[in-house]
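Chemist: Please read through the structure below; I'll follow up with questions.
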Amino acid sequence: MLGGAKSMSDNQITRFKWFWVWQDDAEEQWLEKMSRQGYHLTSVRLPCMYTFTRSEPVNYAYRLDYRSFSKKDKQEYLQIFRDAGWEYLGDLSLWQYFRKQVKEGEVNEIFSDNASKIAKYRRTLGYLGFFWAVLLFIVLERITILPESLPWWGNVHVFIAAVLVVMSYAILRIVLRIRQLRI
Amino acid sequence: MAKNSLKKYLPLSEATYYIMLALVNPLHGYGVMHEVEKLSDGTVKLGPGTLYGVFNTLEKEALISKVKEEDRRKYYALTDKGKEVLREQIARLKIMADRGRTAYEDLVTKRTEC
């Protein structure tokens with residue numbers, strides 16, 4: 001996690017923070033901690049930019065879903081969350097950010113069974129797997145077809161290989177998470 | 001419809017089962033959440049992410065379909081195929097419950113004897 005650059009106005013702070021795909025729980029906990037300290041997320045934007053507004057501390061549950069959809073489907077999706085008492089804060093790539101005040105006797109989770117939690121991680125795997133395969137193809141193709149024709153290609157190669165290693169690690173972490181949920 | 005083609009949907013998960021039960025009558029998302037809590041005597045409280053996921057899958061498999069839209073809320077209901085699957089699931093559950101009853105009574109009397 002790359003700790004934050006911080007800028008301040010009267011009541012707002014902005015933070016930049018990277019989070020890895022397997023750290024969604026930690027991301028939720030970080031936002032909950034900020035809210036308990038009185039900093040409430042107002043927007044989340046690329047590049048990993050979080051804006052908080054300061055007021056009284058609130059015990060919020062922050063939850064992340066991972067989804068892509070058409071504009072129309074998204075409206076229906078958000079309506080269901082709103083009706084269930086969840087506030088939509090925005091999205092960062094395909095992560096959908098929600099929060100709700102924690103209340104006794106209410107459902108303070110967006111997923112109420114393991115099957116739907118597993119489905120969420122499967123969706124992240126779908127995208128990871130796709131880009132992983134594309135990068136692997138690029139690396140292998142270049143090794144066999146264009147070994148030294150482009151002098152600068154070697155560096156790009158090393159970079160892509162490094163990204164591949166990180167992605168493989170991410171895929172492993174998510175697969176392990178799914179196994180844990182399956183019991 | 002051939003029973004074999006319906007078998008791939010069974011057994012339904014607890015959430016899916018109650019959602020399909022609720023959709024015997026057309027309902028929107030929030031209505032389904034309430035109905036499921038009521039139908040299950042409060043044992044199943046759906047999260048919105050879970051509900052949306054089940055809607056999505058059931059619609060893709062043509063077990064439910066959109067019937068109308070009011071106030072930006074879409075109403076769903078079981079299709080004929082959906083009704084068939086639900087009937088099959090209930091038949092299976094009935095067998096499970098009937099067989100379980102005897103064992104359950106045994107377990108309860110044994111507990112009180114101890």
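How things are named: the first chain in the structure tokens is A, the next is B, and so on; residues count from 1 in each chain; ligands count from 1 in the order shown.
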If you run DSSP on this backbone, which residues of segment 26-151 of chain A come out as helix (DSSP H, G or I), and could you give them as JSON, numbers by chain?

Modeler: {"A": [26, 27, 28, 29, 30, 31, 32, 33, 34, 35, 36, 71, 72, 73, 74, 75, 76, 77, 78, 79, 80, 81, 82, 83, 114, 115, 116, 117, 118, 119, 120, 121, 122, 123, 124, 125, 126, 127, 128, 129, 130, 131, 132, 133, 134, 135, 136, 137, 138, 139, 140, 141, 142, 143, 144, 145]}

Chemist: Kindly provide, as a PDB file with N, CA and C atoms, in the first residue's frame, the residues of chain A having any atom no farther than 8 Å from an atom of chain B, counting only C-alpha atoms.

Modeler:
```
ATOM      1  N   ASP A  65     -18.425  -4.033  -3.922  1.00  0.00           N
ATOM      2  CA  ASP A  65     -18.815  -5.077  -4.867  1.00  0.00           C
ATOM      3  C   ASP A  65     -17.913  -4.923  -6.082  1.00  0.00           C
ATOM      4  N   GLU A  76     -30.870  -0.207 -12.178  1.00  0.00           N
ATOM      5  CA  GLU A  76     -31.655  -1.191 -11.433  1.00  0.00           C
ATOM      6  C   GLU A  76     -30.879  -1.687 -10.216  1.00  0.00           C
ATOM      7  N   TYR A  77     -29.604  -1.951 -10.438  1.00  0.00           N
ATOM      8  CA  TYR A  77     -28.706  -2.410  -9.380  1.00  0.00           C
ATOM      9  C   TYR A  77     -28.671  -1.407  -8.226  1.00  0.00           C
ATOM     10  N   GLN A  79     -30.795   0.938  -7.530  1.00  0.00           N
ATOM     11  CA  GLN A  79     -32.112   1.082  -6.907  1.00  0.00           C
ATOM     12  C   GLN A  79     -32.311   0.032  -5.806  1.00  0.00           C
ATOM     13  N   ILE A  80     -31.896  -1.194  -6.100  1.00  0.00           N
ATOM     14  CA  ILE A  80     -32.033  -2.265  -5.112  1.00  0.00           C
ATOM     15  C   ILE A  80     -31.195  -1.963  -3.863  1.00  0.00           C
ATOM     16  N   PHE A  81     -29.990  -1.464  -4.081  1.00  0.00           N
ATOM     17  CA  PHE A  81     -29.137  -1.120  -2.933  1.00  0.00           C
ATOM     18  C   PHE A  81     -29.730   0.047  -2.143  1.00  0.00           C
ATOM     19  N   ASP A  83     -32.869   0.991  -1.940  1.00  0.00           N
ATOM     20  CA  ASP A  83     -34.062   0.539  -1.215  1.00  0.00           C
ATOM     21  C   ASP A  83     -33.678  -0.236   0.040  1.00  0.00           C
ATOM     22  N   ALA A  84     -32.538  -0.918  -0.005  1.00  0.00           N
ATOM     23  CA  ALA A  84     -32.109  -1.697   1.152  1.00  0.00           C
ATOM     24  C   ALA A  84     -31.323  -0.838   2.152  1.00  0.00           C
ATOM     25  N   VAL A 107     -29.537  -5.933   8.085  1.00  0.00           N
ATOM     26  CA  VAL A 107     -28.491  -6.615   7.329  1.00  0.00           C
ATOM     27  C   VAL A 107     -27.389  -5.610   7.017  1.00  0.00           C
ATOM     28  N   ASN A 108     -26.246  -5.761   7.670  1.00  0.00           N
ATOM     29  CA  ASN A 108     -25.159  -4.822   7.457  1.00  0.00           C
ATOM     30  C   ASN A 108     -24.128  -5.343   6.456  1.00  0.00           C
ATOM     31  N   GLU A 109     -24.551  -6.342   5.685  1.00  0.00           N
ATOM     32  CA  GLU A 109     -23.697  -6.897   4.637  1.00  0.00           C
ATOM     33  C   GLU A 109     -24.428  -6.779   3.302  1.00  0.00           C
ATOM     34  N   ILE A 110     -23.673  -6.622   2.221  1.00  0.00           N
ATOM     35  CA  ILE A 110     -24.329  -6.606   0.916  1.00  0.00           C
ATOM     36  C   ILE A 110     -24.477  -8.028   0.373  1.00  0.00           C
ATOM     37  N   PHE A 111     -23.665  -8.956   0.891  1.00  0.00           N
ATOM     38  CA  PHE A 111     -23.802 -10.354   0.495  1.00  0.00           C
ATOM     39  C   PHE A 111     -24.207 -11.175   1.706  1.00  0.00           C
ATOM     40  N   SER A 112     -25.319 -11.904   1.599  1.00  0.00           N
ATOM     41  CA  SER A 112     -25.802 -12.630   2.761  1.00  0.00           C
ATOM     42  C   SER A 112     -25.494 -14.118   2.691  1.00  0.00           C
ATOM     43  N   ASP A 113     -24.833 -14.577   1.644  1.00  0.00           N
ATOM     44  CA  ASP A 113     -24.373 -15.972   1.665  1.00  0.00           C
ATOM     45  C   ASP A 113     -23.020 -16.124   0.960  1.00  0.00           C
ATOM     46  N   SER A 116     -22.708 -15.902  -3.025  1.00  0.00           N
ATOM     47  CA  SER A 116     -22.615 -14.609  -3.698  1.00  0.00           C
ATOM     48  C   SER A 116     -21.260 -13.939  -3.457  1.00  0.00           C
TER      49      SER A 116
END
```

Chemist: Of the candidates B:Lys7, B:Ala91, B:Met20, B:Pro26, which shows the shortest atom-to-atom distance to Lys68 of chain B, using only C-alpha atoms?

Modeler: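 So, comparing all the options, the nearest one is B:Pro26.
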
Chemist: So that I can check the surroundings of His40 of chain A, please list as JSON, numbers by chain every protein, DNA and RNA residue that reaches within 8 Å of it, counting only C-alpha atoms and ignoring chain neighbours fewer than 3 positions away.

Modeler: {"A": [31, 34, 35, 52, 53, 54, 55]}

Chemist: Any chance you could export the current selection's all heavy atoms as a PDB file, in the first residue's frame?

Modeler:
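Output below, filename result_35.pdb:
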```
ATOM      1  N   LEU A  31     -11.795   2.463   5.407  1.00  0.00           N
ATOM      2  CA  LEU A  31     -12.839   3.481   5.271  1.00  0.00           C
ATOM      3  C   LEU A  31     -13.681   3.573   6.545  1.00  0.00           C
ATOM      4  O   LEU A  31     -14.082   4.658   6.967  1.00  0.00           O
ATOM      5  CB  LEU A  31     -13.726   3.179   4.058  1.00  0.00           C
ATOM      6  CG  LEU A  31     -13.022   3.283   2.702  1.00  0.00           C
ATOM      7  CD1 LEU A  31     -13.892   2.737   1.585  1.00  0.00           C
ATOM      8  CD2 LEU A  31     -12.640   4.741   2.411  1.00  0.00           C
ATOM      9  N   MET A  34     -11.697   5.491   9.081  1.00  0.00           N
ATOM     10  CA  MET A  34     -11.739   6.924   8.775  1.00  0.00           C
ATOM     11  C   MET A  34     -13.047   7.531   9.278  1.00  0.00           C
ATOM     12  O   MET A  34     -13.049   8.614   9.861  1.00  0.00           O
ATOM     13  CB  MET A  34     -11.617   7.165   7.269  1.00  0.00           C
ATOM     14  CG  MET A  34     -10.284   6.819   6.656  1.00  0.00           C
ATOM     15  SD  MET A  34      -8.910   7.846   7.231  1.00  0.00           S
ATOM     16  CE  MET A  34      -9.196   9.377   6.327  1.00  0.00           C
ATOM     17  N   SER A  35     -14.167   6.835   9.064  1.00  0.00           N
ATOM     18  CA  SER A  35     -15.469   7.354   9.485  1.00  0.00           C
ATOM     19  C   SER A  35     -15.588   7.424  11.004  1.00  0.00           C
ATOM     20  O   SER A  35     -16.225   8.320  11.538  1.00  0.00           O
ATOM     21  CB  SER A  35     -16.605   6.497   8.915  1.00  0.00           C
ATOM     22  OG  SER A  35     -17.059   7.047   7.692  1.00  0.00           O
ATOM     23  N   PHE A  52     -12.601  12.912   1.464  1.00  0.00           N
ATOM     24  CA  PHE A  52     -13.350  12.748   2.714  1.00  0.00           C
ATOM     25  C   PHE A  52     -13.837  14.104   3.198  1.00  0.00           C
ATOM     26  O   PHE A  52     -13.158  15.114   3.015  1.00  0.00           O
ATOM     27  CB  PHE A  52     -12.453  12.162   3.800  1.00  0.00           C
ATOM     28  CG  PHE A  52     -11.937  10.789   3.496  1.00  0.00           C
ATOM     29  CD1 PHE A  52     -10.744  10.619   2.807  1.00  0.00           C
ATOM     30  CD2 PHE A  52     -12.628   9.663   3.918  1.00  0.00           C
ATOM     31  CE1 PHE A  52     -10.257   9.349   2.532  1.00  0.00           C
ATOM     32  CE2 PHE A  52     -12.145   8.388   3.648  1.00  0.00           C
ATOM     33  CZ  PHE A  52     -10.958   8.235   2.952  1.00  0.00           C
ATOM     34  N   THR A  53     -15.014  14.113   3.818  1.00  0.00           N
ATOM     35  CA  THR A  53     -15.509  15.327   4.457  1.00  0.00           C
ATOM     36  C   THR A  53     -15.539  15.091   5.949  1.00  0.00           C
ATOM     37  O   THR A  53     -15.910  14.016   6.411  1.00  0.00           O
ATOM     38  CB  THR A  53     -16.932  15.661   3.965  1.00  0.00           C
ATOM     39  OG1 THR A  53     -16.912  15.658   2.550  1.00  0.00           O
ATOM     40  CG2 THR A  53     -17.382  17.012   4.461  1.00  0.00           C
ATOM     41  N   ARG A  54     -15.151  16.115   6.709  1.00  0.00           N
ATOM     42  CA  ARG A  54     -15.062  15.956   8.149  1.00  0.00           C
ATOM     43  C   ARG A  54     -16.362  16.347   8.832  1.00  0.00           C
ATOM     44  O   ARG A  54     -16.940  17.385   8.530  1.00  0.00           O
ATOM     45  CB  ARG A  54     -13.926  16.846   8.671  1.00  0.00           C
ATOM     46  CG  ARG A  54     -13.500  16.389  10.009  1.00  0.00           C
ATOM     47  CD  ARG A  54     -12.672  17.311  10.795  1.00  0.00           C
ATOM     48  NE  ARG A  54     -12.700  16.722  12.131  1.00  0.00           N
ATOM     49  CZ  ARG A  54     -11.629  16.348  12.780  1.00  0.00           C
ATOM     50  NH1 ARG A  54     -10.451  16.518  12.254  1.00  0.00           N
ATOM     51  NH2 ARG A  54     -11.740  15.807  13.975  1.00  0.00           N
ATOM     52  N   SER A  55     -16.841  15.480   9.726  1.00  0.00           N
ATOM     53  CA  SER A  55     -17.947  15.858  10.625  1.00  0.00           C
ATOM     54  C   SER A  55     -17.905  14.922  11.821  1.00  0.00           C
ATOM     55  O   SER A  55     -16.852  14.370  12.121  1.00  0.00           O
ATOM     56  CB  SER A  55     -19.294  15.800   9.897  1.00  0.00           C
ATOM     57  OG  SER A  55     -19.566  14.480   9.480  1.00  0.00           O
TER      58      SER A  55
END
```

Chemist: Show me, as a ChimeraX atom specification, the residues that have an atom within 12 Å of Tyr127 of chain A when counting only C-alpha atoms, minus same-chain residues fewer than 2 positions from it.

Modeler: /A:21,66-68,93-94,120-125,129-134,167,170-171

Chemist: Using only C-alpha atoms, can you tell me which of A:Ala61, A:Trp95, A:Gln12, A:Glu56 comes closest to Trp30 of chain A?

Modeler: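 So, comparing all the options, the nearest one is A:Ala61.
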
Chemist: Within 6 Å of segment 86-88 of chain A, counting only C-alpha atoms, which residues qualify if same-chain residues fewer than 3 places away don't, as a compact mmCIF listing (two decimals) with N, CA and C atoms, in the first residue's frame?

Modeler:
```
# COMPACT_ATOMS: atom_id res chain seq x y z
N PHE A 81 -29.99 -1.46 -4.08
CA PHE A 81 -29.14 -1.12 -2.93
C PHE A 81 -29.73 0.05 -2.14
N ARG A 82 -30.20 1.07 -2.86
CA ARG A 82 -30.79 2.23 -2.18
C ARG A 82 -31.99 1.81 -1.35
N PHE A 98 -20.12 1.17 -1.43
CA PHE A 98 -21.38 1.43 -0.73
C PHE A 98 -21.11 1.63 0.75
N ARG A 99 -22.03 2.33 1.41
CA ARG A 99 -21.98 2.38 2.87
C ARG A 99 -23.38 2.48 3.45
N LYS A 100 -23.44 2.11 4.73
CA LYS A 100 -24.70 2.10 5.45
C LYS A 100 -24.37 2.22 6.92
```

Chemist: Which polymer residues have any atom within 9 Å of an atom of Ala62 of chain B, counting only C-alpha atoms, with same-chain residues fewer than 4 positions away left out, as a ChimeraX atom specification?

Modeler: /B:57-58,78-79,81-82

Chemist: Restricting the calculation to only C-alpha atoms: of B:Lys8, B:Glu70, B:Gly42, B:Lys60, which residue gets closest to Gly105 of chain A?

Modeler: B:Gly42

Chemist: Would you work out the distance separating atom CA of Ile64 of chain B from atom CA of Val32 of chain B, expressed in Å to one decimal?

Modeler: 12.9 Å

Chemist: Where does DSSP see strand (DSSP E) in segment 9-177 of chain A, if you list the residues as number ranges by chain?

Modeler: A: 12-16, 39-45, 49-54, 60-66, 87-92, 95-101

Chemist: With only C-alpha atoms as the basis for distance, which of B:Leu21, B:Asn4, B:Val108, B:Glu61 is at the shortest distance from Lys38 of chain B?

Modeler: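 Under the stated criterion, the closest residue is B:Leu21.
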
Chemist: Which polymer residues have any atom within 10 Å of an atom of Leu6 of chain B, counting only C-alpha atoms, with same-chain residues fewer than 4 positions away left out, as a list in words?

Modeler: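 Final neighbour list, sorted by chain and number: Met1, Ala2, Leu10, Lys81, Gly82, Glu84, Val85, Leu86, Glu88 and Gln89 of chain B.
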